[in-house]
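Okay, data-v8.txt now, which holds compact mmCIF, C-alpha atoms:
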```txt
# COMPACT_ATOMS: atom_id res chain seq x y z
CA MET A 1 -70.44 -47.54 4.99
CA SER A 2 -68.60 -50.84 5.29
CA GLN A 3 -65.26 -51.40 3.60
CA VAL A 4 -66.90 -53.72 1.06
CA GLY A 5 -69.56 -51.13 0.37
CA SER A 6 -66.84 -48.46 -0.02
CA ARG A 7 -65.00 -50.59 -2.52
CA ARG A 8 -68.14 -51.07 -4.57
CA ALA A 9 -68.83 -47.34 -4.44
CA ILE A 10 -65.52 -46.66 -6.18
CA GLY A 11 -65.75 -49.74 -8.37
CA GLY A 12 -64.74 -50.06 -11.97
CA ASN A 13 -67.97 -48.62 -13.41
CA GLU A 14 -68.00 -45.33 -11.48
CA PRO A 15 -66.52 -42.54 -13.69
CA ARG A 16 -66.11 -40.15 -10.74
CA ALA A 17 -63.99 -42.62 -8.74
CA LEU A 18 -60.73 -41.20 -10.10
CA ILE A 19 -59.33 -37.70 -9.56
CA ARG A 20 -56.26 -37.77 -11.84
CA ARG A 21 -55.59 -39.49 -15.12
CA ASP A 22 -52.33 -37.67 -15.88
CA ALA A 23 -50.35 -38.98 -18.83
CA VAL A 24 -47.25 -38.11 -20.87
CA LEU A 25 -46.81 -39.92 -24.19
CA ILE A 26 -43.20 -40.14 -25.42
CA VAL A 27 -42.75 -40.68 -29.16
CA ALA A 28 -39.54 -41.09 -31.17
CA VAL A 29 -39.30 -38.39 -33.87
CA HIS A 30 -36.92 -36.98 -36.46
CA ILE A 31 -36.34 -33.21 -36.18
CA ASP A 32 -34.99 -31.67 -39.39
CA GLU A 33 -34.90 -28.04 -38.24
CA ASP A 34 -35.25 -25.99 -35.07
CA PRO A 35 -38.93 -25.59 -34.13
CA SER A 36 -40.31 -22.07 -34.46
CA THR A 37 -43.37 -20.21 -33.16
CA PRO A 38 -45.64 -21.26 -31.49
CA PHE A 39 -42.91 -23.48 -30.00
CA LEU A 40 -40.59 -21.72 -27.56
CA PRO A 41 -37.01 -22.70 -26.63
CA GLY A 42 -36.43 -24.56 -23.38
CA PRO A 43 -38.50 -26.99 -21.31
CA LEU A 44 -42.15 -26.73 -20.39
CA GLU A 45 -42.64 -24.76 -17.17
CA ARG A 46 -44.75 -26.36 -14.44
CA ARG A 47 -45.41 -24.96 -10.96
CA TRP A 48 -45.73 -26.68 -7.63
CA ARG A 49 -46.62 -25.26 -4.19
CA ILE A 50 -48.08 -22.22 -5.92
CA GLY A 51 -48.21 -19.13 -3.70
CA ARG A 52 -46.05 -20.67 -0.97
CA PRO A 53 -42.53 -19.49 -0.02
CA ASP A 54 -41.16 -22.80 -1.29
CA GLU A 55 -42.90 -22.56 -4.69
CA VAL A 56 -41.06 -24.47 -7.44
CA VAL A 57 -40.95 -23.54 -11.15
CA SER A 58 -39.50 -26.13 -13.51
CA THR A 59 -37.23 -23.88 -15.57
CA ALA A 60 -34.07 -25.28 -17.16
CA SER A 61 -31.78 -23.68 -14.57
CA ARG A 62 -34.00 -24.87 -11.71
CA ARG A 63 -33.97 -28.45 -13.00
CA ALA A 64 -30.20 -28.37 -13.50
CA GLY A 65 -29.62 -26.93 -10.03
CA TYR A 66 -31.95 -29.53 -8.51
CA THR A 67 -30.19 -32.41 -10.27
CA GLN A 68 -26.90 -32.07 -12.22
CA LEU A 69 -25.54 -29.21 -14.33
CA HIS A 70 -24.31 -31.56 -17.06
CA LEU A 71 -27.92 -32.53 -17.83
CA GLU A 72 -28.83 -29.06 -19.07
CA PRO A 73 -27.07 -29.30 -22.48
CA LEU A 74 -28.51 -32.81 -22.93
CA LEU A 75 -32.15 -32.29 -21.91
CA TRP A 76 -33.07 -28.68 -21.16
CA GLY A 77 -30.87 -26.38 -23.26
CA THR A 78 -32.55 -23.92 -25.63
CA ASP A 79 -30.79 -25.59 -28.58
CA VAL A 80 -32.05 -29.11 -27.79
CA ARG A 81 -35.57 -28.58 -26.35
CA TRP A 82 -38.71 -26.67 -27.31
CA HIS A 83 -42.23 -26.53 -25.87
CA ARG A 84 -45.74 -25.34 -26.66
CA GLU A 85 -48.66 -24.85 -24.27
CA VAL A 86 -52.09 -25.86 -25.59
CA THR A 87 -54.66 -23.35 -24.37
CA ASP A 88 -57.68 -24.56 -26.34
CA ALA A 89 -59.25 -27.92 -25.60
CA THR A 90 -57.56 -30.37 -27.98
CA GLU A 91 -58.60 -34.00 -28.06
CA SER A 92 -57.19 -36.85 -30.12
CA PRO A 93 -59.24 -39.52 -31.95
CA ALA A 94 -58.54 -41.73 -28.93
CA ARG A 95 -59.82 -38.86 -26.71
CA PHE A 96 -56.42 -38.05 -25.22
CA GLN A 97 -56.81 -34.53 -23.80
CA LEU A 98 -53.69 -32.56 -24.77
CA SER A 99 -52.29 -29.74 -22.62
CA ALA A 100 -48.72 -29.25 -23.93
CA VAL A 101 -46.15 -30.58 -26.40
CA GLU A 102 -42.36 -30.75 -26.07
CA ALA A 103 -39.62 -31.76 -28.52
CA ILE A 104 -36.14 -32.85 -27.43
CA ARG A 105 -33.33 -33.36 -29.93
CA LEU A 106 -29.89 -34.88 -29.56
CA ASN A 107 -27.15 -32.30 -29.03
CA ASP A 108 -24.84 -31.17 -31.85
CA THR A 109 -22.11 -33.63 -30.91
CA MET A 110 -24.38 -36.65 -31.25
CA LEU A 111 -26.07 -35.22 -34.35
CA ASN A 112 -22.67 -34.94 -36.03
CA ALA A 113 -21.91 -38.51 -35.02
CA LEU A 114 -25.13 -39.67 -36.70
CA ARG A 115 -24.40 -37.60 -39.81
CA ASP A 116 -21.02 -39.33 -40.14
CA MET A 117 -22.81 -42.66 -40.52
CA ASP A 118 -23.66 -44.03 -43.96
CA SER A 119 -26.59 -46.10 -42.65
CA PRO A 120 -30.03 -44.39 -42.54
CA VAL A 121 -30.92 -42.35 -39.45
CA TYR A 122 -34.61 -42.81 -38.64
CA THR A 123 -34.83 -40.64 -35.54
CA ASN A 124 -32.82 -38.06 -33.64
CA GLY A 125 -35.15 -36.97 -30.86
CA VAL A 126 -38.35 -37.50 -28.91
CA ALA A 127 -41.66 -35.66 -28.54
CA LEU A 128 -43.52 -35.46 -25.23
CA LEU A 129 -47.28 -35.03 -25.34
CA HIS A 130 -48.64 -33.90 -21.96
CA GLY A 131 -52.28 -34.36 -21.10
CA SER A 132 -54.78 -36.68 -19.50
CA LEU A 133 -56.57 -39.88 -20.36
CA PRO A 134 -60.29 -39.67 -21.21
CA PRO A 135 -62.74 -39.54 -18.28
CA ASP A 136 -63.88 -43.10 -18.76
CA PRO A 137 -64.98 -45.44 -15.98
CA PRO A 138 -61.95 -46.90 -14.18
CA ALA A 139 -62.70 -50.37 -15.51
CA ARG A 140 -62.06 -49.13 -19.05
CA LEU A 141 -59.03 -46.96 -18.30
CA PRO A 142 -56.38 -49.55 -19.38
CA LYS A 143 -58.12 -49.86 -22.75
CA SER A 144 -58.24 -46.08 -23.06
CA LEU A 145 -54.50 -45.91 -22.42
CA GLN A 146 -53.90 -48.57 -25.06
CA GLU A 147 -55.82 -46.54 -27.63
CA CYS A 148 -53.99 -43.32 -26.74
CA ALA A 149 -50.53 -44.92 -26.95
CA ASN A 150 -51.23 -46.81 -30.18
CA ILE A 151 -49.73 -44.95 -33.18
CA ASP A 152 -49.42 -47.93 -35.52
CA ALA A 153 -50.26 -46.67 -39.01
CA HIS A 154 -51.18 -50.21 -40.08
CA GLN A 155 -54.10 -50.31 -37.66
CA GLY A 156 -57.26 -48.33 -38.24
CA GLU A 157 -57.47 -46.66 -34.83
CA GLY A 158 -53.69 -46.34 -34.53
CA GLY A 159 -53.48 -44.68 -37.93
CA ALA A 160 -55.88 -41.93 -36.91
CA GLN A 161 -54.05 -41.38 -33.62
CA ARG A 162 -50.69 -41.29 -35.42
CA ALA A 163 -51.96 -38.68 -37.88
CA TRP A 164 -53.25 -36.55 -34.99
CA VAL A 165 -49.92 -36.80 -33.12
CA ALA A 166 -48.08 -35.77 -36.30
CA GLN A 167 -50.26 -32.64 -36.50
CA GLN A 168 -49.23 -31.60 -32.97
CA LEU A 169 -45.50 -31.69 -33.76
CA PRO A 170 -43.58 -28.58 -34.86
CA ALA A 171 -42.82 -27.91 -38.51
CA GLY A 172 -39.84 -29.96 -39.68
CA CYS A 173 -40.55 -32.71 -37.16
CA ARG A 174 -42.03 -36.09 -38.04
CA ILE A 175 -42.77 -39.35 -36.24
CA ALA A 176 -40.07 -41.97 -36.73
CA GLU A 177 -41.02 -44.53 -39.35
CA THR A 178 -40.25 -47.37 -36.94
CA GLU A 179 -42.44 -46.01 -34.11
CA ARG A 180 -45.58 -48.07 -33.42
CA GLU A 181 -46.44 -47.35 -29.77
CA ALA A 182 -45.74 -44.39 -27.52
CA VAL A 183 -43.99 -44.95 -24.21
CA HIS A 184 -46.31 -43.67 -21.50
CA CYS A 185 -45.96 -42.06 -18.08
CA THR A 186 -49.25 -42.23 -16.18
CA LEU A 187 -50.54 -41.26 -12.75
CA VAL A 188 -53.93 -42.46 -11.49
CA THR A 189 -55.35 -41.27 -8.16
CA ALA A 190 -58.71 -41.99 -6.52
CA ARG A 191 -61.11 -40.29 -4.16
CA SER A 192 -60.76 -43.20 -1.78
CA SER A 193 -57.59 -44.79 -0.43
CA LEU A 194 -58.18 -47.83 -2.64
CA VAL A 195 -57.62 -47.75 -6.39
CA GLN A 196 -59.73 -50.49 -7.90
CA LEU A 197 -60.24 -50.62 -11.65
CA TYR A 198 -62.50 -53.64 -11.58
CA GLU A 199 -64.64 -55.58 -9.13
CA GLY A 200 -64.08 -59.12 -7.96
CA ARG A 201 -61.75 -61.14 -5.80
CA THR A 202 -58.01 -60.75 -6.20
CA GLN A 203 -55.81 -63.67 -7.14
CA ARG A 204 -53.40 -65.25 -4.72
CA GLY A 205 -50.43 -62.97 -4.07
CA TRP A 206 -52.03 -59.99 -5.81
CA ASP A 207 -53.91 -57.20 -4.13
CA SER A 208 -56.28 -55.01 -6.12
CA THR A 209 -53.77 -52.16 -6.51
CA ASP A 210 -51.12 -54.49 -7.93
CA GLN A 211 -53.58 -55.96 -10.39
CA SER A 212 -54.65 -52.48 -11.44
CA LEU A 213 -51.00 -51.49 -11.84
CA TRP A 214 -50.39 -54.54 -14.03
CA GLN A 215 -53.40 -53.76 -16.21
CA MET A 216 -52.50 -50.09 -16.59
CA HIS A 217 -48.85 -50.76 -17.35
CA HIS A 218 -49.65 -53.34 -20.01
CA ALA A 219 -52.66 -51.29 -21.19
CA THR A 220 -54.91 -54.33 -21.24
CA LEU A 221 -58.21 -55.41 -19.75
CA TYR A 222 -56.97 -58.97 -19.29
CA ARG A 223 -56.23 -59.90 -15.71
CA PRO A 224 -52.74 -61.15 -14.85
CA SER A 225 -52.05 -64.82 -14.39
CA PRO A 226 -50.62 -66.00 -11.05
CA GLU A 227 -47.26 -66.59 -12.79
CA ALA A 228 -47.08 -62.94 -13.86
CA LEU A 229 -46.40 -61.88 -10.26
CA GLU A 230 -42.82 -63.18 -10.47
CA GLN A 231 -42.14 -61.01 -13.52
CA PHE A 232 -43.96 -58.08 -11.96
CA GLN A 233 -41.89 -57.81 -8.78
CA PRO A 234 -38.61 -56.59 -10.39
CA MET A 235 -40.55 -53.79 -12.09
CA ARG A 236 -41.49 -52.14 -8.79
CA LEU A 237 -39.98 -48.76 -7.95
CA PRO A 238 -38.79 -47.56 -4.53
CA LEU A 239 -41.47 -44.93 -3.87
CA PRO A 240 -43.11 -43.34 -0.79
CA ALA A 241 -45.99 -45.22 0.82
CA LYS A 242 -48.64 -42.99 -0.77
CA VAL A 243 -47.66 -44.01 -4.29
CA ARG A 244 -47.11 -47.42 -5.83
CA GLY A 245 -45.42 -47.68 -9.20
CA VAL A 246 -43.85 -49.96 -11.77
CA LEU A 247 -41.64 -49.26 -14.75
CA GLY A 248 -40.97 -51.40 -17.80
CA LEU A 249 -40.55 -51.20 -21.53
CA ARG A 250 -44.05 -49.74 -21.99
CA GLY A 251 -43.32 -46.91 -19.57
CA LEU A 252 -44.02 -45.67 -16.03
CA THR A 253 -47.26 -46.34 -14.15
CA LEU A 254 -48.05 -44.71 -10.79
CA MET A 255 -51.11 -45.18 -8.58
CA SER A 256 -52.23 -43.64 -5.34
CA THR A 257 -52.64 -45.73 -2.22
CA ASP A 258 -54.26 -42.90 -0.22
CA HIS A 259 -57.23 -40.68 -0.98
CA ASP A 260 -56.72 -37.68 -3.23
CA PRO A 261 -58.64 -34.67 -1.85
CA GLY A 262 -58.58 -32.95 -5.25
CA VAL A 263 -56.31 -30.99 -7.58
CA GLY A 264 -55.14 -27.73 -6.00
CA THR A 265 -56.20 -28.66 -2.47
CA PRO A 266 -53.69 -27.08 -0.05
CA ARG A 267 -50.76 -29.36 0.78
CA ASN A 268 -52.07 -32.17 -1.38
CA TYR A 269 -49.32 -34.79 -1.74
CA TYR A 270 -50.46 -35.82 -5.20
CA ASP A 271 -50.02 -32.32 -6.64
CA GLY A 272 -46.30 -32.94 -6.15
CA THR A 273 -46.55 -36.33 -7.83
CA SER A 274 -48.25 -34.75 -10.85
CA TYR A 275 -45.52 -32.11 -10.98
CA HIS A 276 -42.75 -34.71 -10.93
CA LEU A 277 -44.52 -36.87 -13.53
CA ALA A 278 -44.57 -33.97 -16.02
CA THR A 279 -40.98 -32.93 -15.29
CA LEU A 280 -38.30 -35.22 -13.83
CA TYR A 281 -40.07 -38.55 -14.38
CA ALA A 282 -40.86 -37.76 -18.02
CA ASP A 283 -37.29 -36.45 -18.42
CA ALA A 284 -35.91 -39.75 -17.13
CA LEU A 285 -37.73 -41.76 -19.79
CA ALA A 286 -36.90 -39.18 -22.45
CA LEU A 287 -33.20 -39.54 -21.61
CA ALA A 288 -33.44 -43.34 -21.76
CA ARG A 289 -35.17 -43.15 -25.15
CA LEU A 290 -32.46 -40.80 -26.49
CA GLN A 291 -29.88 -43.35 -25.34
CA GLN A 292 -31.77 -46.04 -27.22
CA ILE A 293 -31.88 -43.89 -30.38
CA VAL A 294 -28.09 -43.46 -30.40
CA LEU A 295 -27.37 -47.12 -29.63
CA ASN A 296 -29.72 -48.27 -32.41
CA ALA A 297 -27.97 -45.94 -34.87
CA PHE A 298 -24.56 -47.27 -33.84
CA GLY A 299 -25.83 -50.83 -34.17
CA ARG A 300 -27.03 -50.27 -37.74
CA GLU A 301 -23.73 -48.63 -38.71
CA VAL A 302 -21.63 -51.43 -37.22
CA ALA A 303 -23.75 -53.99 -39.08
CA ARG A 304 -23.27 -52.07 -42.33
CA ILE A 305 -19.49 -51.81 -41.88
CA GLY A 306 -19.32 -55.50 -41.06
CA GLU A 307 -20.74 -56.40 -44.47
CA HIS A 308 -17.44 -55.35 -46.10
CA GLU A 309 -13.83 -55.20 -45.07
CA PRO A 310 -13.63 -52.49 -42.38
CA ARG A 311 -11.57 -49.36 -42.90
CA ARG A 312 -9.41 -47.92 -40.16
CA ARG A 313 -10.73 -44.35 -40.40
CA LYS A 314 -14.38 -45.38 -40.15
CA VAL A 315 -13.83 -47.79 -37.26
CA ALA A 316 -11.70 -45.27 -35.35
CA GLN A 317 -14.37 -42.61 -35.85
CA LEU A 318 -17.09 -44.92 -34.51
CA GLU A 319 -14.98 -45.82 -31.49
CA ARG A 320 -14.37 -42.15 -30.74
CA ASN A 321 -18.06 -41.21 -31.12
CA LEU A 322 -19.16 -44.13 -28.95
CA LEU A 323 -16.72 -43.01 -26.25
CA VAL A 324 -18.20 -39.50 -26.33
CA PHE A 325 -21.71 -40.98 -26.02
CA ARG A 326 -20.68 -43.13 -23.06
CA ARG A 327 -19.18 -40.14 -21.24
CA SER A 328 -22.20 -37.88 -21.90
CA TYR A 329 -25.65 -39.39 -22.43
CA TRP A 330 -24.95 -42.85 -21.02
CA THR A 331 -23.33 -41.77 -17.74
CA ALA A 332 -25.73 -38.84 -17.17
CA ASP A 333 -27.46 -39.00 -13.79
CA PHE A 334 -29.94 -36.91 -11.83
CA GLY A 335 -27.74 -36.27 -8.81
CA ARG A 336 -29.59 -36.58 -5.53
CA GLN A 337 -32.73 -37.84 -7.27
CA GLY A 338 -32.11 -41.54 -6.67
CA THR A 339 -35.66 -42.50 -7.65
CA VAL A 340 -35.28 -40.80 -11.02
CA ASP A 341 -31.97 -42.56 -11.68
CA ALA A 342 -33.65 -45.84 -10.77
CA MET A 343 -36.26 -45.12 -13.44
CA VAL A 344 -33.57 -44.56 -16.08
CA ARG A 345 -31.79 -47.81 -15.15
CA ALA A 346 -35.07 -49.75 -15.05
CA TRP A 347 -36.01 -48.66 -18.57
CA GLN A 348 -32.49 -49.38 -19.79
CA ARG A 349 -32.77 -52.93 -18.49
CA SER A 350 -36.24 -53.42 -19.96
CA ALA A 351 -35.06 -52.27 -23.39
CA GLY A 352 -31.81 -54.27 -23.19
CA LEU A 353 -29.65 -51.15 -23.55
CA PRO A 354 -26.73 -52.34 -21.34
CA GLU A 355 -26.45 -55.49 -23.46
CA SER A 356 -26.62 -53.42 -26.66
CA LEU A 357 -23.82 -51.16 -25.45
CA GLN A 358 -21.64 -54.10 -24.44
CA SER A 359 -22.28 -55.76 -27.80
CA LEU A 360 -21.27 -52.56 -29.61
CA VAL A 361 -18.03 -52.31 -27.64
CA SER A 362 -17.26 -55.97 -28.41
CA ASP A 363 -18.13 -55.65 -32.11
CA LEU A 364 -16.05 -52.50 -32.55
CA GLY A 365 -13.15 -54.26 -30.84
CA GLU A 366 -13.48 -57.12 -33.32
CA LEU A 367 -13.59 -54.68 -36.25
CA SER A 368 -10.43 -52.98 -34.94
CA ARG A 369 -8.74 -56.37 -34.76
CA GLN A 370 -9.75 -57.10 -38.35
CA VAL A 371 -8.40 -53.71 -39.49
CA GLN A 372 -5.06 -54.39 -37.79
CA SER A 373 -4.93 -57.87 -39.30
CA ALA A 374 -5.67 -56.51 -42.78
CA GLU A 375 -2.96 -53.86 -42.42
CA THR A 376 -0.46 -56.50 -41.31
CA GLU A 377 -1.30 -58.64 -44.33
CA THR A 378 -0.94 -55.63 -46.64
CA THR A 379 2.46 -54.84 -45.15
CA ASN A 380 3.55 -58.44 -45.65
CA ALA A 381 2.34 -58.32 -49.25
CA ILE A 382 4.35 -55.16 -49.92
CA LEU A 383 7.44 -56.69 -48.34
CA GLY A 384 6.92 -59.80 -50.47
CA LEU A 385 6.61 -57.64 -53.56
CA ILE A 386 9.86 -55.89 -52.72
CA ALA A 387 11.59 -59.23 -52.12
CA ALA A 388 10.23 -60.90 -55.28
CA VAL A 389 10.91 -57.96 -57.61
CA GLY A 390 13.58 -55.91 -55.91
CA LEU A 391 16.07 -58.69 -55.16
CA PRO A 392 16.27 -60.13 -58.74
CA LEU A 393 16.29 -56.59 -60.16
CA THR A 394 19.10 -55.45 -57.86
CA THR A 395 21.11 -58.58 -58.62
CA GLY A 396 20.54 -58.23 -62.38
CA LEU A 397 21.58 -54.59 -62.41
CA ALA A 398 24.69 -55.40 -60.43
CA VAL A 399 25.59 -58.11 -62.94
CA TRP A 400 24.87 -55.75 -65.87
CA GLN A 401 27.14 -53.06 -64.45
CA GLY A 402 29.97 -55.60 -64.24
CA LEU A 403 29.73 -56.62 -67.90
CA PRO A 404 32.56 -55.43 -70.25
CA GLN A 405 29.95 -53.95 -72.61
CA ALA A 406 27.15 -52.54 -70.41
CA GLY A 407 25.05 -51.10 -73.19
CA VAL A 408 21.36 -50.61 -73.78
CA MET A 409 20.86 -53.98 -75.40
CA THR A 410 22.46 -55.83 -72.49
CA LEU A 411 20.34 -53.77 -70.08
CA TRP A 412 17.16 -54.92 -71.81
CA ARG A 413 18.36 -58.50 -71.75
CA THR A 414 19.14 -58.19 -68.05
CA LEU A 415 15.66 -56.78 -67.35
CA LEU A 416 14.05 -59.60 -69.32
CA VAL A 417 15.98 -62.19 -67.34
CA THR A 418 15.04 -60.39 -64.10
CA GLY A 419 11.37 -60.41 -65.11
CA ALA A 420 11.52 -64.10 -65.97
CA VAL A 421 13.09 -64.88 -62.59
CA THR A 422 10.36 -62.89 -60.82
CA ILE A 423 7.62 -64.77 -62.69
CA ILE A 424 9.26 -68.11 -61.85
CA LEU A 425 9.46 -67.14 -58.14
CA VAL A 426 5.82 -66.10 -58.02
CA THR A 427 4.71 -69.19 -59.95
CA PHE A 428 6.57 -71.80 -57.94
CA PHE A 429 6.23 -70.22 -54.46
CA PRO A 430 2.53 -70.23 -53.38
CA GLY A 431 3.22 -67.86 -50.49
CA LEU A 432 4.48 -65.12 -52.83
CA ARG A 433 1.58 -65.72 -55.23
CA ARG A 434 -0.94 -65.37 -52.38
CA LEU A 435 0.68 -62.13 -51.21
CA PHE A 436 0.44 -60.66 -54.72
CA LEU A 437 -3.20 -61.63 -55.12
CA ASP A 438 -4.17 -60.31 -51.65
CA LEU A 439 -2.45 -57.03 -52.34
CA PHE A 440 -4.34 -56.40 -55.60
CA ARG A 441 -7.64 -57.55 -54.09
CA ARG A 442 -7.28 -55.04 -51.26
CA ARG A 443 -6.54 -52.27 -53.72
CA GLY A 444 -9.69 -53.16 -55.65
CA ARG A 445 -11.84 -53.18 -52.48
CA GLY A 446 -10.30 -49.90 -51.39
CA ARG A 447 -11.52 -48.24 -54.61
CA ARG A 448 -15.06 -49.45 -53.90
```

Go ahead and express the file in the form of structure tokens.
Amino acid sequence: MSQVGSRRAIGGNEPRALIRRDAVLIVAVHIDEDPSTPFLPGPLERRWRIGRPDEVVSTASRRAGYTQLHLEPLLWGTDVRWHREVTDATESPARFQLSAVEAIRLNDTMLNALRDMDSPVYTNGVALLHGSLPPDPPARLPKSLQECANIDAHQGEGGAQRAWVAQQLPAGCRIAETEREAVHCTLVTARSSLVQLYEGRTQRGWDSTDQSLWQMHHATLYRPSPEALEQFQPMRLPLPAKVRGVLGLRGLTLMSTDHDPGVGTPRNYYDGTSYHLATLYADALALARLQQIVLNAFGREVARIGEHEPRRRKVAQLERNLLVFRRSYWTADFGRQGTVDAMVRAWQRSAGLPESLQSLVSDLGELSRQVQSAETETTNAILGLIAAVGLPLTTGLAVWQGLPQAGVMTLWRTLLVTGAVTIILVTFFPGLRRLFLDLFRRRGRGRR
């Protein structure tokens, strides 16, 4: 068969053209209590190279040993992560075929930091729904992904999907009120070496795989404009030749560039890709989303504090908690897994997390400056009070003690004169009057 004929044979309307439609949907959630049965502590276990001497099992210790030990208490510890295998066929209203569910919560240190905040906390973790996209023709696959990722309660289809996702979560866990669309990790492989989700000529500068990647990533059936190529290039990931991938705010999209002989075929390269998608790649986006959750919470708290005069204790506490976050979640890396670290950084950039962190550091610095300025003004007001009241009082008492008849009556007269002098000083010296007023205003705000 000619190359053109081969392309048509695996064209967009052939349901059997694709071998894998792997997907992981990542949803922001709020976990009120530790999940219980049927959820089990620790990460979901996946196997690769089954039956071979180099077989890999994705336990928590194995992941930590393969990457970095400091990631275990953040992502894989039994007190921050739980999982549930789905044995029966479970399908969502959007026909997402579920195979497992995981829940990851912030560790105790970050939870305590969020509890110290007076602003509302909408989310403190993420849920990972493992499964596959519906077996639709390739030409419809981007639309299928859009329907599976849509959990907007204000849309008819999204509302049904959101309700279904909520049912899959453990007891005491709910979807964040602000969540409208799940971040997705997807892998699409084909029987042939060419992944083509639609038929027709490619646009200048775009080959069919790139156009398919663009459509899958944006979960749309619209074809990209020629100008979209410039925005698309920075989203590319450094991957082996057999896989092409992009990563942006919507998530991670991977596609095969070689033929996939089938799931479980001995030494099939794409079995490893599926394994990594469900483990390290999904973990990378889960970590980035946890970072976003903490930064958003800090941003809301800083905005709330900025509405009133900042207090030293609250600002110092925020600075300390932000430092702990920067030295734990923010600086966490996957060791030798450079591709996985690149995924974390790419999602951070897409979501504007580095700019959010820098803005928080700058805003907290400004709040600290305001606290120091307020304390300096309070000190000046107290010193002014001592000068305006203490000096006339000391002078009056010294004069009273020197009188021939230093009795009670003369003492009262001396105090009255001292009070009159103080009132005159405050009345005719605007600086003293301002210090008095500022001091009493601060005391009133402090009570509030």

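Neighbours of Thr78 of chain A closer than or equal to 12 Å, with only C-alpha atoms counted and sequence neighbours fewer than 5 positions away skipped, come out as A:Asp34, A:Pro35, A:Ser36, A:Phe39, A:Leu40, A:Pro41, A:Gly42, A:Pro43, A:Leu44, A:Thr59, A:Ala60, A:Ser61, A:Glu72, A:Pro73, A:His83, A:Glu102, A:Ala103, A:Ile104, A:Arg105, A:Leu106, A:Asn107.
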
Exercise for review: Kindly give the distance, in Å, that separates atom CA of Asp108 of chain A and atom CA of Val24 of chain A, rounded to a single decimal.
Suggested key: 25.9 Å

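Taking atom CA of Leu133 of chain A and atom CA of Arg21 of chain A as the two end points, the separation is 5.3 Å.
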
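Atom CA of Thr418 of chain A is found 8.9 Å from atom CA of Thr394 of chain A.
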
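Nearest to Thr109 of chain A of all the residues A:Ala94, A:Ala342, A:Val80, A:Ala176 is A:Val80, counting all atoms listed in the file.
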
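All residues of protein, DNA or RNA that reach within 10 Å of Leu364 of chain A, judged by only C-alpha atoms and not counting those fewer than 5 positions away in the chain, are Val302, Ile305, Gly306, Val315, Ala316, Leu318, Glu319, Leu322, Gln358, Ser359, Arg369 and Gln370 of chain A.
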
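Of the residues listed (A:Ser192, A:Ser212, A:Asn124, A:Thr273), A:Asn124 shows the shortest atom-to-atom separation from Cys173 of chain A; distances use only C-alpha atoms.
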
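Considering only C-alpha atoms, the residue among A:Arg349, A:His218, A:Lys242, A:Arg63 positioned nearest to Tyr281 of chain A is A:Arg63.
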